[in-house]
Structure formats: structure tokens, C-alpha cells
file data.pdb (PDB, C-alpha atoms, pLDDT in the B column)
MODEL        1
ATOM      1  CA  MET Z   1       4.663 -19.883   8.996  1.00 91.00           C
ATOM      2  CA  ASP Z   2       5.177 -22.611  11.586  1.00 95.00           C
ATOM      3  CA  SER Z   3       2.422 -25.060  12.468  1.00 95.00           C
ATOM      4  CA  ASP Z   4       1.888 -23.548  15.955  1.00 96.00           C
ATOM      5  CA  THR Z   5       1.007 -20.202  14.399  1.00 96.00           C
ATOM      6  CA  ARG Z   6      -1.217 -21.868  11.798  1.00 97.00           C
ATOM      7  CA  SER Z   7      -3.158 -23.823  14.448  1.00 97.00           C
ATOM      8  CA  LYS Z   8      -3.360 -20.726  16.656  1.00 97.00           C
ATOM      9  CA  ILE Z   9      -4.965 -18.844  13.754  1.00 98.00           C
ATOM     10  CA  GLU Z  10      -7.339 -21.727  13.008  1.00 97.00           C
ATOM     11  CA  VAL Z  11      -8.466 -21.872  16.647  1.00 97.00           C
ATOM     12  CA  LEU Z  12      -8.984 -18.100  16.697  1.00 97.00           C
ATOM     13  CA  ILE Z  13     -11.088 -17.885  13.518  1.00 97.00           C
ATOM     14  CA  ASN Z  14     -13.210 -20.887  14.476  1.00 97.00           C
ATOM     15  CA  SER Z  15     -13.929 -19.797  18.035  1.00 96.00           C
ATOM     16  CA  HIS Z  16     -15.647 -16.505  17.176  1.00 96.00           C
ATOM     17  CA  PRO Z  17     -18.503 -16.070  14.668  1.00 96.00           C
ATOM     18  CA  VAL Z  18     -17.079 -12.695  13.603  1.00 97.00           C
ATOM     19  CA  LEU Z  19     -13.372 -11.995  14.145  1.00 98.00           C
ATOM     20  CA  VAL Z  20     -11.295  -9.048  12.976  1.00 98.00           C
ATOM     21  CA  PHE Z  21      -7.494  -9.207  12.831  1.00 98.00           C
ATOM     22  CA  MET Z  22      -6.652  -5.547  13.258  1.00 98.00           C
ATOM     23  CA  LYS Z  23      -4.001  -3.111  14.393  1.00 96.00           C
ATOM     24  CA  GLY Z  24      -5.025  -2.068  17.898  1.00 97.00           C
ATOM     25  CA  THR Z  25      -8.353  -2.754  19.614  1.00 97.00           C
ATOM     26  CA  LYS Z  26     -11.995  -1.826  19.126  1.00 95.00           C
ATOM     27  CA  LEU Z  27     -11.646   1.116  21.479  1.00 95.00           C
ATOM     28  CA  MET Z  28      -8.123   2.055  20.357  1.00 96.00           C
ATOM     29  CA  PRO Z  29      -7.705   1.230  16.658  1.00 95.00           C
ATOM     30  CA  GLN Z  30      -4.151   2.063  15.622  1.00 94.00           C
ATOM     31  CA  CYS Z  31      -4.809   2.414  11.889  1.00 91.00           C
ATOM     32  CA  GLY Z  32      -7.453   4.114   9.781  1.00 91.00           C
ATOM     33  CA  PHE Z  33      -8.215   1.009   7.762  1.00 92.00           C
ATOM     34  CA  SER Z  34      -8.709  -1.077  10.925  1.00 95.00           C
ATOM     35  CA  ASN Z  35     -10.933   1.669  12.265  1.00 96.00           C
ATOM     36  CA  ASN Z  36     -13.094   1.566   9.102  1.00 96.00           C
ATOM     37  CA  VAL Z  37     -13.944  -2.067   9.758  1.00 97.00           C
ATOM     38  CA  VAL Z  38     -14.706  -1.468  13.453  1.00 98.00           C
ATOM     39  CA  GLN Z  39     -17.023   1.434  12.579  1.00 97.00           C
ATOM     40  CA  ILE Z  40     -18.855  -0.573   9.895  1.00 98.00           C
ATOM     41  CA  LEU Z  41     -19.504  -3.543  12.182  1.00 98.00           C
ATOM     42  CA  ASN Z  42     -20.608  -1.177  14.978  1.00 97.00           C
ATOM     43  CA  ALA Z  43     -22.946   0.602  12.553  1.00 97.00           C
ATOM     44  CA  LEU Z  44     -24.563  -2.750  11.689  1.00 97.00           C
ATOM     45  CA  GLY Z  45     -24.847  -3.581  15.404  1.00 96.00           C
ATOM     46  CA  ILE Z  46     -22.846  -6.757  14.885  1.00 96.00           C
ATOM     47  CA  SER Z  47     -21.067  -8.195  17.915  1.00 95.00           C
ATOM     48  CA  PHE Z  48     -17.527  -9.191  17.010  1.00 97.00           C
ATOM     49  CA  GLU Z  49     -14.168 -10.108  18.498  1.00 98.00           C
ATOM     50  CA  THR Z  50     -10.831  -8.580  17.551  1.00 98.00           C
ATOM     51  CA  PHE Z  51      -7.223  -9.715  17.644  1.00 98.00           C
ATOM     52  CA  ASP Z  52      -4.521  -7.070  17.882  1.00 98.00           C
ATOM     53  CA  VAL Z  53      -1.816  -8.152  15.426  1.00 97.00           C
ATOM     54  CA  LEU Z  54       0.532  -5.568  16.934  1.00 96.00           C
ATOM     55  CA  SER Z  55       0.658  -7.806  20.017  1.00 97.00           C
ATOM     56  CA  ASP Z  56       1.809 -10.917  18.131  1.00 97.00           C
ATOM     57  CA  MET Z  57       4.264 -10.673  15.225  1.00 95.00           C
ATOM     58  CA  GLU Z  58       3.896 -14.377  14.255  1.00 96.00           C
ATOM     59  CA  VAL Z  59       0.154 -13.957  13.800  1.00 97.00           C
ATOM     60  CA  ARG Z  60       0.670 -10.605  12.070  1.00 95.00           C
ATOM     61  CA  GLN Z  61       2.806 -12.230   9.372  1.00 94.00           C
ATOM     62  CA  GLY Z  62       1.098 -15.632   9.474  1.00 96.00           C
ATOM     63  CA  ILE Z  63      -2.404 -14.285   8.808  1.00 96.00           C
ATOM     64  CA  LYS Z  64      -1.214 -12.737   5.552  1.00 93.00           C
ATOM     65  CA  GLU Z  65       0.078 -16.112   4.369  1.00 93.00           C
ATOM     66  CA  PHE Z  66      -2.979 -17.928   5.755  1.00 96.00           C
ATOM     67  CA  SER Z  67      -5.453 -15.947   3.655  1.00 95.00           C
ATOM     68  CA  ASN Z  68      -3.061 -14.997   0.830  1.00 92.00           C
ATOM     69  CA  TRP Z  69      -3.952 -11.381   1.639  1.00 92.00           C
ATOM     70  CA  PRO Z  70      -1.077  -8.970   2.291  1.00 88.00           C
ATOM     71  CA  THR Z  71      -2.765  -6.344   4.451  1.00 89.00           C
ATOM     72  CA  ILE Z  72      -4.436  -5.804   7.794  1.00 93.00           C
ATOM     73  CA  PRO Z  73      -7.338  -5.628   8.773  1.00 95.00           C
ATOM     74  CA  GLN Z  74      -8.794  -8.978   7.854  1.00 98.00           C
ATOM     75  CA  VAL Z  75     -12.398  -9.956   8.637  1.00 98.00           C
ATOM     76  CA  TYR Z  76     -13.490 -13.572   9.192  1.00 98.00           C
ATOM     77  CA  VAL Z  77     -17.114 -14.715   9.466  1.00 97.00           C
ATOM     78  CA  LYS Z  78     -17.657 -18.289  10.621  1.00 96.00           C
ATOM     79  CA  GLY Z  79     -14.034 -19.057   9.779  1.00 96.00           C
ATOM     80  CA  GLU Z  80     -14.299 -17.646   6.241  1.00 96.00           C
ATOM     81  CA  PHE Z  81     -12.177 -14.702   5.110  1.00 97.00           C
ATOM     82  CA  ILE Z  82     -14.511 -12.081   3.631  1.00 96.00           C
ATOM     83  CA  GLY Z  83     -12.160  -9.172   3.041  1.00 96.00           C
ATOM     84  CA  GLY Z  84     -10.259  -6.156   4.302  1.00 95.00           C
ATOM     85  CA  SER Z  85     -11.214  -2.522   4.665  1.00 95.00           C
ATOM     86  CA  ASP Z  86     -11.933  -1.808   0.969  1.00 94.00           C
ATOM     87  CA  ILE Z  87     -14.129  -4.833   0.423  1.00 96.00           C
ATOM     88  CA  LEU Z  88     -16.005  -4.294   3.707  1.00 97.00           C
ATOM     89  CA  ILE Z  89     -16.741  -0.697   2.686  1.00 96.00           C
ATOM     90  CA  GLU Z  90     -17.957  -1.798  -0.769  1.00 94.00           C
ATOM     91  CA  MET Z  91     -20.116  -4.596   0.688  1.00 96.00           C
ATOM     92  CA  TYR Z  92     -21.483  -2.250   3.376  1.00 97.00           C
ATOM     93  CA  ASN Z  93     -22.450   0.403   0.835  1.00 97.00           C
ATOM     94  CA  SER Z  94     -24.154  -2.138  -1.432  1.00 96.00           C
ATOM     95  CA  GLY Z  95     -26.044  -3.762   1.475  1.00 97.00           C
ATOM     96  CA  GLU Z  96     -24.362  -7.085   0.698  1.00 96.00           C
ATOM     97  CA  LEU Z  97     -22.506  -7.156   4.048  1.00 97.00           C
ATOM     98  CA  LYS Z  98     -25.659  -6.854   6.158  1.00 97.00           C
ATOM     99  CA  GLU Z  99     -27.267  -9.685   4.195  1.00 96.00           C
ATOM    100  CA  LYS Z 100     -24.181 -11.937   4.339  1.00 95.00           C
ATOM    101  CA  LEU Z 101     -23.811 -11.434   8.111  1.00 96.00           C
ATOM    102  CA  GLU Z 102     -27.502 -12.070   8.773  1.00 95.00           C
ATOM    103  CA  ILE Z 103     -27.388 -15.340   6.825  1.00 94.00           C
ATOM    104  CA  ALA Z 104     -24.091 -16.462   8.355  1.00 93.00           C
ATOM    105  CA  LEU Z 105     -25.038 -15.579  11.933  1.00 92.00           C
ATOM    106  CA  ALA Z 106     -28.496 -17.097  11.634  1.00 91.00           C
ATOM    107  CA  SER Z 107     -27.157 -20.526  10.799  1.00 80.00           C
TER     108      SER Z 107
ATOM    109  CA  MET U   1       8.257   5.511  -1.361  1.00 59.00           C
ATOM    110  CA  ALA U   2       6.799   3.862  -4.460  1.00 63.00           C
ATOM    111  CA  HIS U   3       7.064   5.634  -7.791  1.00 82.00           C
ATOM    112  CA  LEU U   4       3.583   5.727  -9.213  1.00 88.00           C
ATOM    113  CA  SER U   5       4.805   4.762 -12.674  1.00 89.00           C
ATOM    114  CA  ASN U   6       6.423   1.605 -11.255  1.00 89.00           C
ATOM    115  CA  VAL U   7       3.161   0.660  -9.583  1.00 92.00           C
ATOM    116  CA  VAL U   8       1.236   1.085 -12.852  1.00 94.00           C
ATOM    117  CA  ALA U   9       3.911  -0.888 -14.723  1.00 94.00           C
ATOM    118  CA  SER U  10       3.789  -3.753 -12.196  1.00 94.00           C
ATOM    119  CA  ILE U  11       0.013  -3.998 -12.491  1.00 96.00           C
ATOM    120  CA  LYS U  12       0.074  -3.843 -16.289  1.00 96.00           C
ATOM    121  CA  LYS U  13       2.722  -6.592 -16.423  1.00 95.00           C
ATOM    122  CA  ALA U  14       0.280  -8.921 -14.683  1.00 95.00           C
ATOM    123  CA  LEU U  15      -2.868  -7.474 -16.287  1.00 97.00           C
ATOM    124  CA  PRO U  16      -1.826  -6.214 -19.750  1.00 96.00           C
ATOM    125  CA  ASP U  17      -5.307  -4.923 -20.673  1.00 96.00           C
ATOM    126  CA  ALA U  18      -5.772  -3.123 -17.353  1.00 97.00           C
ATOM    127  CA  GLU U  19      -6.782   0.515 -17.136  1.00 97.00           C
ATOM    128  CA  VAL U  20      -5.065   1.805 -13.983  1.00 97.00           C
ATOM    129  CA  LYS U  21      -5.884   5.048 -12.142  1.00 95.00           C
ATOM    130  CA  ILE U  22      -3.658   5.982  -9.205  1.00 94.00           C
ATOM    131  CA  GLU U  23      -4.028   8.707  -6.615  1.00 92.00           C
ATOM    132  CA  ASP U  24      -1.297   9.464  -4.129  1.00 90.00           C
ATOM    133  CA  LEU U  25      -3.234  10.183  -0.945  1.00 86.00           C
ATOM    134  CA  SER U  26      -0.289  11.216   1.154  1.00 82.00           C
ATOM    135  CA  GLY U  27       2.009  13.021  -1.276  1.00 81.00           C
ATOM    136  CA  ALA U  28       4.785  10.657  -0.195  1.00 81.00           C
ATOM    137  CA  GLY U  29       3.834   7.822  -2.514  1.00 76.00           C
ATOM    138  CA  ASP U  30       3.101   5.342   0.271  1.00 77.00           C
ATOM    139  CA  HIS U  31      -0.639   5.887   0.746  1.00 84.00           C
ATOM    140  CA  LEU U  32      -2.243   5.084  -2.596  1.00 89.00           C
ATOM    141  CA  GLN U  33      -5.761   4.849  -3.966  1.00 93.00           C
ATOM    142  CA  VAL U  34      -5.625   2.483  -6.957  1.00 95.00           C
ATOM    143  CA  ASN U  35      -8.511   1.793  -9.331  1.00 96.00           C
ATOM    144  CA  VAL U  36      -8.032  -1.074 -11.795  1.00 97.00           C
ATOM    145  CA  ILE U  37     -10.404  -1.969 -14.640  1.00 98.00           C
ATOM    146  CA  SER U  38      -9.659  -5.226 -16.439  1.00 97.00           C
ATOM    147  CA  SER U  39     -11.544  -7.990 -18.225  1.00 97.00           C
ATOM    148  CA  SER U  40      -9.352 -10.505 -16.393  1.00 96.00           C
ATOM    149  CA  PHE U  41     -11.592  -9.863 -13.371  1.00 97.00           C
ATOM    150  CA  LYS U  42     -14.617 -11.371 -15.115  1.00 97.00           C
ATOM    151  CA  GLY U  43     -16.094 -14.247 -13.069  1.00 96.00           C
ATOM    152  CA  LEU U  44     -13.843 -13.591 -10.079  1.00 96.00           C
ATOM    153  CA  THR U  45     -15.021 -12.655  -6.587  1.00 94.00           C
ATOM    154  CA  ARG U  46     -13.897  -9.284  -5.219  1.00 94.00           C
ATOM    155  CA  ILE U  47     -11.339 -11.045  -3.041  1.00 95.00           C
ATOM    156  CA  GLN U  48      -9.887 -12.862  -6.059  1.00 95.00           C
ATOM    157  CA  GLN U  49      -9.786  -9.640  -8.074  1.00 96.00           C
ATOM    158  CA  HIS U  50      -7.904  -7.847  -5.323  1.00 96.00           C
ATOM    159  CA  GLN U  51      -5.559 -10.833  -4.894  1.00 94.00           C
ATOM    160  CA  LEU U  52      -4.609 -10.509  -8.578  1.00 95.00           C
ATOM    161  CA  VAL U  53      -3.582  -6.893  -8.046  1.00 95.00           C
ATOM    162  CA  TYR U  54      -1.833  -7.653  -4.750  1.00 92.00           C
ATOM    163  CA  GLY U  55       0.050 -10.452  -6.508  1.00 92.00           C
ATOM    164  CA  ALA U  56       1.262  -7.963  -9.110  1.00 94.00           C
ATOM    165  CA  LEU U  57       2.439  -5.603  -6.351  1.00 92.00           C
ATOM    166  CA  GLN U  58       4.145  -8.238  -4.197  1.00 87.00           C
ATOM    167  CA  LYS U  59       7.527  -6.455  -4.330  1.00 85.00           C
ATOM    168  CA  GLU U  60       6.173  -2.979  -3.520  1.00 85.00           C
ATOM    169  CA  LEU U  61       4.058  -4.348  -0.665  1.00 82.00           C
ATOM    170  CA  ALA U  62       6.819  -6.567   0.747  1.00 78.00           C
ATOM    171  CA  ASN U  63       9.391  -3.801   1.041  1.00 76.00           C
ATOM    172  CA  GLU U  64       6.679  -1.475   2.397  1.00 70.00           C
ATOM    173  CA  ALA U  65       7.281   1.022  -0.427  1.00 77.00           C
ATOM    174  CA  ILE U  66       3.494   1.005  -0.340  1.00 80.00           C
ATOM    175  CA  HIS U  67       2.336   1.334   3.260  1.00 76.00           C
ATOM    176  CA  ALA U  68      -1.383   1.701   2.661  1.00 81.00           C
ATOM    177  CA  LEU U  69      -3.287   0.740  -0.468  1.00 86.00           C
ATOM    178  CA  ALA U  70      -6.964   1.501  -0.991  1.00 90.00           C
ATOM    179  CA  LEU U  71      -7.977  -0.694  -3.904  1.00 94.00           C
ATOM    180  CA  ASN U  72     -10.967  -0.711  -6.214  1.00 95.00           C
ATOM    181  CA  THR U  73     -11.379  -3.250  -8.990  1.00 96.00           C
ATOM    182  CA  SER U  74     -14.006  -3.449 -11.719  1.00 96.00           C
ATOM    183  CA  ILE U  75     -14.773  -5.044 -15.076  1.00 96.00           C
ATOM    184  CA  PRO U  76     -14.960  -2.894 -18.216  1.00 94.00           C
ATOM    185  CA  SER U  77     -18.619  -1.906 -18.711  1.00 87.00           C
TER     186      SER U  77
ENDMDL
END

call {"tool": "encode", "arguments": {"input": "data.pdb", "output": "C-alpha cells"}}
result
Amino acid sequence: MDSDTRSKIEVLINSHPVLVFMKGTKLMPQCGFSNNVVQILNALGISFETFDVLSDMEVRQGIKEFSNWPTIPQVYVKGEFIGGSDILIEMYNSGELKEKLEIALAS
Amino acid sequence: MAHLSNVVASIKKALPDAEVKIEDLSGAGDHLQVNVISSSFKGLTRIQQHQLVYGALQKELANEAIHALALNTSIPS
């Protein structure tokens, strides 16, 4: 990944408290896993930004290297990678996600 | 299309003690539900546990033999 892509990613994840790299958009998710994450964050009433990796191939590949995570979607809270669809579902079901977001967004 | 036995073998090569359960969600071998139980996950965060499994499946994920992977990891009870 070239340094432009890396700095682009760093700017993106640090300019939104909650950011989801996904396939498609909130209103038009293009993949079931991306849709899971959108639905979970909506259910918790969390406001979040998204980045459509289908619109930028460098970011689509670069984000996987950036977080050492091979799949999309990827959720970042205050610049920290917290997981993809599976982990978000697990954290949502255990109540851990609500707690983590409340703490992170309160600070 | 990933052959389920290859996926199990790749995981077991990286996690020899792992108990691996695989479900082919699509019938075409590219949408998989994988459950992995291993003591190597002890003390690791969920992200780190999943990264271990993803690391073992680098080849299958890179050549998109696996298109979608729903993963669940746990420690032997």
C-alpha cells in the first residue's frame, strides 16, 4: 500500500468517531455482511459515517493491510479497529458493543 | 470454490489442537460458516483469535476460493 493510501485511511478513521468501511452505502448496502453492521448500529441509534470501498480500489485493498483483517466490512471507533460483521454481531448480542460505544463516544 | 477438507486442513496446520466445524452456507463452497475451538485462543482478544484463523486461510481468502466467511472462535470449556 502506498503512503497516499495509508494517510488517506488515517485521515478517514480519525475524522469520524464511528466509521464503517463497507461495500455500498447505508441506504444501499451491497453485501449482507456490510448490511449486518449498518443494521446493528442503526438499532443502537448510533450515528456513524461510511466509506464505500467499491468506489476506491486502493482503499479497498489498503484497509485490509492497514488492520491486518482480510474482509469488509470493517468498523472503527475513535480510530480503533473493533471488528467486522461477526464480531459486531457477537458484541451486540452480549451487550458489549453498546457499552464500548457509550464509553468511547462519551470521552 | 474451496474444498471444505482443505479449509479444515489449513486451519489445523496453524492450530493443531483445533476442533473445526464447517458449514457450507451456499452449497458452492464459497460462503462458509466456520467454528473453531482451540486453546491457542486463550488470552487473545476476539480480533486476535479471528486473525489467527484468517492467517491460516490466507491462500483461500486471497484467491477468493472463499468469498464470504462467517467465523466463530472459542476456547475449549

call {"tool": "interface_residues", "arguments": {"input": "data.pdb", "of": "chain Z", "to": "chain U", "cutoff": "9 Å", "atoms": "only C-alpha atoms", "output": "list in words"}}
result
Phe33, Asn68, Trp69, Pro70, Thr71, Phe81, Ile82, Gly83, Gly84, Ser85, Asp86, Ile87 and Glu90 of chain Z

call {"tool": "write_last_selection", "arguments": {"input": "data.pdb", "atoms": "C-alpha atoms", "output": "short mmCIF file (atom, residue, chain, number, x, y, z; two decimals), in the frame of the given file"}}
result
data_model
loop_
_atom_site.label_atom_id
_atom_site.label_comp_id
_atom_site.auth_asym_id
_atom_site.auth_seq_id
_atom_site.Cartn_x
_atom_site.Cartn_y
_atom_site.Cartn_z
CA PHE Z 33 -8.22 1.01 7.76
CA ASN Z 68 -3.06 -15.00 0.83
CA TRP Z 69 -3.95 -11.38 1.64
CA PRO Z 70 -1.08 -8.97 2.29
CA THR Z 71 -2.76 -6.34 4.45
CA PHE Z 81 -12.18 -14.70 5.11
CA ILE Z 82 -14.51 -12.08 3.63
CA GLY Z 83 -12.16 -9.17 3.04
CA GLY Z 84 -10.26 -6.16 4.30
CA SER Z 85 -11.21 -2.52 4.66
CA ASP Z 86 -11.93 -1.81 0.97
CA ILE Z 87 -14.13 -4.83 0.42
CA GLU Z 90 -17.96 -1.80 -0.77
#

call {"tool": "residues_around", "arguments": {"input": "data.pdb", "residues": "Ala106 in chain Z", "least_positions_apart": "5", "cutoff": "12 Å", "atoms": "all atoms listed in the file", "output": "PyMOL selection string"}}
result
chain Z and resi 17+77-78+98-101

call {"tool": "write_last_selection", "arguments": {"input": "data.pdb", "atoms": "C-alpha atoms", "output": "short mmCIF file (atom, residue, chain, number, x, y, z; two decimals), in the coordinates of the input"}}
result
data_model
loop_
_atom_site.label_atom_id
_atom_site.label_comp_id
_atom_site.auth_asym_id
_atom_site.auth_seq_id
_atom_site.Cartn_x
_atom_site.Cartn_y
_atom_site.Cartn_z
CA PRO Z 17 -18.50 -16.07 14.67
CA VAL Z 77 -17.11 -14.72 9.47
CA LYS Z 78 -17.66 -18.29 10.62
CA LYS Z 98 -25.66 -6.85 6.16
CA GLU Z 99 -27.27 -9.68 4.20
CA LYS Z 100 -24.18 -11.94 4.34
CA LEU Z 101 -23.81 -11.43 8.11
#

call {"tool": "resolve_selection", "arguments": {"input": "data.pdb", "expression": "the PyMOL selection byres ((chain U and resi 11-24) around 12)", "output": "ChimeraX atom specification"}}
result
/U:1-10,25-41,49-60,66-76

call {"tool": "atom_distance", "arguments": {"input": "data.pdb", "atom1": "CA of Val18 in chain Z", "atom2": "CA of Leu88 in chain Z"}}
result
13.0 Å

call {"tool": "atom_distance", "arguments": {"input": "data.pdb", "atom1": "CA of Leu97 in chain Z", "atom2": "CA of Ser67 in chain Z"}}
result
19.2 Å

call {"tool": "atom_distance", "arguments": {"input": "data.pdb", "atom1": "CA of Met22 in chain Z", "atom2": "CA of Arg6 in chain Z"}}
result
17.3 Å

call {"tool": "resolve_selection", "arguments": {"input": "data.pdb", "expression": "the PyMOL selection byres ((chain Z and resi 13) around 10)", "output": "MDAnalysis selection string"}}
result
chainID Z and resid 7:12 14:21 49 51 75:81

call {"tool": "residues_near_point", "arguments": {"input": "data.pdb", "point": "(-7.2, -4.6, 21.6)", "cutoff": "12 Å", "atoms": "all atoms listed in the file", "output": "mmCIF file with C-alpha atoms, in the frame of the given file"}}
result
data_model
loop_
_atom_site.group_PDB
_atom_site.id
_atom_site.type_symbol
_atom_site.label_atom_id
_atom_site.label_comp_id
_atom_site.auth_asym_id
_atom_site.auth_seq_id
_atom_site.Cartn_x
_atom_site.Cartn_y
_atom_site.Cartn_z
ATOM 1 C CA VAL Z 20 -11.295 -9.048 12.976
ATOM 2 C CA PHE Z 21 -7.494 -9.207 12.831
ATOM 3 C CA MET Z 22 -6.652 -5.547 13.258
ATOM 4 C CA LYS Z 23 -4.001 -3.111 14.393
ATOM 5 C CA GLY Z 24 -5.025 -2.068 17.898
ATOM 6 C CA THR Z 25 -8.353 -2.754 19.614
ATOM 7 C CA LYS Z 26 -11.995 -1.826 19.126
ATOM 8 C CA LEU Z 27 -11.646 1.116 21.479
ATOM 9 C CA MET Z 28 -8.123 2.055 20.357
ATOM 10 C CA PRO Z 29 -7.705 1.230 16.658
ATOM 11 C CA GLN Z 30 -4.151 2.063 15.622
ATOM 12 C CA SER Z 34 -8.709 -1.077 10.925
ATOM 13 C CA ASN Z 35 -10.933 1.669 12.265
ATOM 14 C CA VAL Z 38 -14.706 -1.468 13.453
ATOM 15 C CA GLU Z 49 -14.168 -10.108 18.498
ATOM 16 C CA THR Z 50 -10.831 -8.580 17.551
ATOM 17 C CA PHE Z 51 -7.223 -9.715 17.644
ATOM 18 C CA ASP Z 52 -4.521 -7.070 17.882
ATOM 19 C CA VAL Z 53 -1.816 -8.152 15.426
ATOM 20 C CA LEU Z 54 0.532 -5.568 16.934
ATOM 21 C CA SER Z 55 0.658 -7.806 20.017
ATOM 22 C CA ASP Z 56 1.809 -10.917 18.131
#

call {"tool": "build_atoms", "arguments": {"input": "data.pdb", "residues": "range 41-49 of chain U", "atoms": "all heavy atoms", "output": "mmCIF file, in the frame of the given file"}}
result
data_model
loop_
_atom_site.group_PDB
_atom_site.id
_atom_site.type_symbol
_atom_site.label_atom_id
_atom_site.label_comp_id
_atom_site.auth_asym_id
_atom_site.auth_seq_id
_atom_site.Cartn_x
_atom_site.Cartn_y
_atom_site.Cartn_z
ATOM 1 N N PHE U 41 -10.851 -9.715 -14.640
ATOM 2 C CA PHE U 41 -11.592 -9.863 -13.371
ATOM 3 C C PHE U 41 -12.921 -10.589 -13.572
ATOM 4 O O PHE U 41 -13.583 -10.965 -12.600
ATOM 5 C CB PHE U 41 -11.879 -8.483 -12.775
ATOM 6 C CG PHE U 41 -10.661 -7.728 -12.323
ATOM 7 C CD1 PHE U 41 -10.613 -6.347 -12.434
ATOM 8 C CD2 PHE U 41 -9.557 -8.394 -11.792
ATOM 9 C CE1 PHE U 41 -9.487 -5.638 -12.007
ATOM 10 C CE2 PHE U 41 -8.434 -7.700 -11.374
ATOM 11 C CZ PHE U 41 -8.400 -6.320 -11.481
ATOM 12 N N LYS U 42 -13.296 -10.750 -14.830
ATOM 13 C CA LYS U 42 -14.617 -11.371 -15.115
ATOM 14 C C LYS U 42 -14.725 -12.714 -14.401
ATOM 15 O O LYS U 42 -13.786 -13.537 -14.459
ATOM 16 C CB LYS U 42 -14.797 -11.579 -16.623
ATOM 17 C CG LYS U 42 -15.421 -10.379 -17.336
ATOM 18 C CD LYS U 42 -15.955 -10.727 -18.732
ATOM 19 C CE LYS U 42 -16.358 -9.440 -19.444
ATOM 20 N NZ LYS U 42 -15.387 -9.044 -20.514
ATOM 21 N N GLY U 43 -15.847 -12.942 -13.704
ATOM 22 C CA GLY U 43 -16.094 -14.247 -13.069
ATOM 23 C C GLY U 43 -15.362 -14.433 -11.755
ATOM 24 O O GLY U 43 -15.508 -15.454 -11.092
ATOM 25 N N LEU U 44 -14.578 -13.438 -11.347
ATOM 26 C CA LEU U 44 -13.843 -13.591 -10.079
ATOM 27 C C LEU U 44 -14.588 -12.867 -8.956
ATOM 28 O O LEU U 44 -15.233 -11.847 -9.180
ATOM 29 C CB LEU U 44 -12.439 -12.981 -10.198
ATOM 30 C CG LEU U 44 -11.494 -13.591 -11.232
ATOM 31 C CD1 LEU U 44 -10.131 -12.896 -11.157
ATOM 32 C CD2 LEU U 44 -11.333 -15.082 -10.994
ATOM 33 N N THR U 45 -14.438 -13.367 -7.732
ATOM 34 C CA THR U 45 -15.021 -12.655 -6.587
ATOM 35 C C THR U 45 -14.161 -11.411 -6.338
ATOM 36 O O THR U 45 -13.024 -11.328 -6.823
ATOM 37 C CB THR U 45 -14.957 -13.510 -5.307
ATOM 38 O OG1 THR U 45 -13.561 -13.707 -4.976
ATOM 39 C CG2 THR U 45 -15.640 -14.856 -5.502
ATOM 40 N N ARG U 46 -14.674 -10.498 -5.520
ATOM 41 C CA ARG U 46 -13.897 -9.284 -5.219
ATOM 42 C C ARG U 46 -12.545 -9.671 -4.605
ATOM 43 O O ARG U 46 -11.518 -9.099 -4.952
ATOM 44 C CB ARG U 46 -14.654 -8.435 -4.192
ATOM 45 C CG ARG U 46 -15.678 -7.487 -4.760
ATOM 46 C CD ARG U 46 -16.015 -6.440 -3.717
ATOM 47 N NE ARG U 46 -17.254 -5.751 -4.011
ATOM 48 C CZ ARG U 46 -18.460 -6.172 -3.648
ATOM 49 N NH1 ARG U 46 -18.571 -7.293 -2.949
ATOM 50 N NH2 ARG U 46 -19.544 -5.505 -3.950
ATOM 51 N N ILE U 47 -12.588 -10.644 -3.706
ATOM 52 C CA ILE U 47 -11.339 -11.045 -3.041
ATOM 53 C C ILE U 47 -10.333 -11.518 -4.089
ATOM 54 O O ILE U 47 -9.178 -11.120 -4.100
ATOM 55 C CB ILE U 47 -11.606 -12.159 -1.998
ATOM 56 C CG1 ILE U 47 -12.314 -11.571 -0.781
ATOM 57 C CG2 ILE U 47 -10.301 -12.831 -1.586
ATOM 58 C CD1 ILE U 47 -12.637 -12.589 0.289
ATOM 59 N N GLN U 48 -10.805 -12.348 -5.030
ATOM 60 C CA GLN U 48 -9.887 -12.862 -6.059
ATOM 61 C C GLN U 48 -9.363 -11.740 -6.949
ATOM 62 O O GLN U 48 -8.198 -11.697 -7.316
ATOM 63 C CB GLN U 48 -10.602 -13.923 -6.895
ATOM 64 C CG GLN U 48 -10.868 -15.199 -6.120
ATOM 65 C CD GLN U 48 -11.877 -16.099 -6.793
ATOM 66 O OE1 GLN U 48 -12.798 -15.638 -7.506
ATOM 67 N NE2 GLN U 48 -11.721 -17.400 -6.575
ATOM 68 N N GLN U 49 -10.226 -10.765 -7.244
ATOM 69 C CA GLN U 49 -9.786 -9.640 -8.074
ATOM 70 C C GLN U 49 -8.668 -8.876 -7.345
ATOM 71 O O GLN U 49 -7.616 -8.579 -7.919
ATOM 72 C CB GLN U 49 -10.982 -8.705 -8.331
ATOM 73 C CG GLN U 49 -12.056 -9.306 -9.211
ATOM 74 C CD GLN U 49 -13.260 -8.390 -9.365
ATOM 75 O OE1 GLN U 49 -13.175 -7.169 -9.142
ATOM 76 N NE2 GLN U 49 -14.401 -8.962 -9.735
#
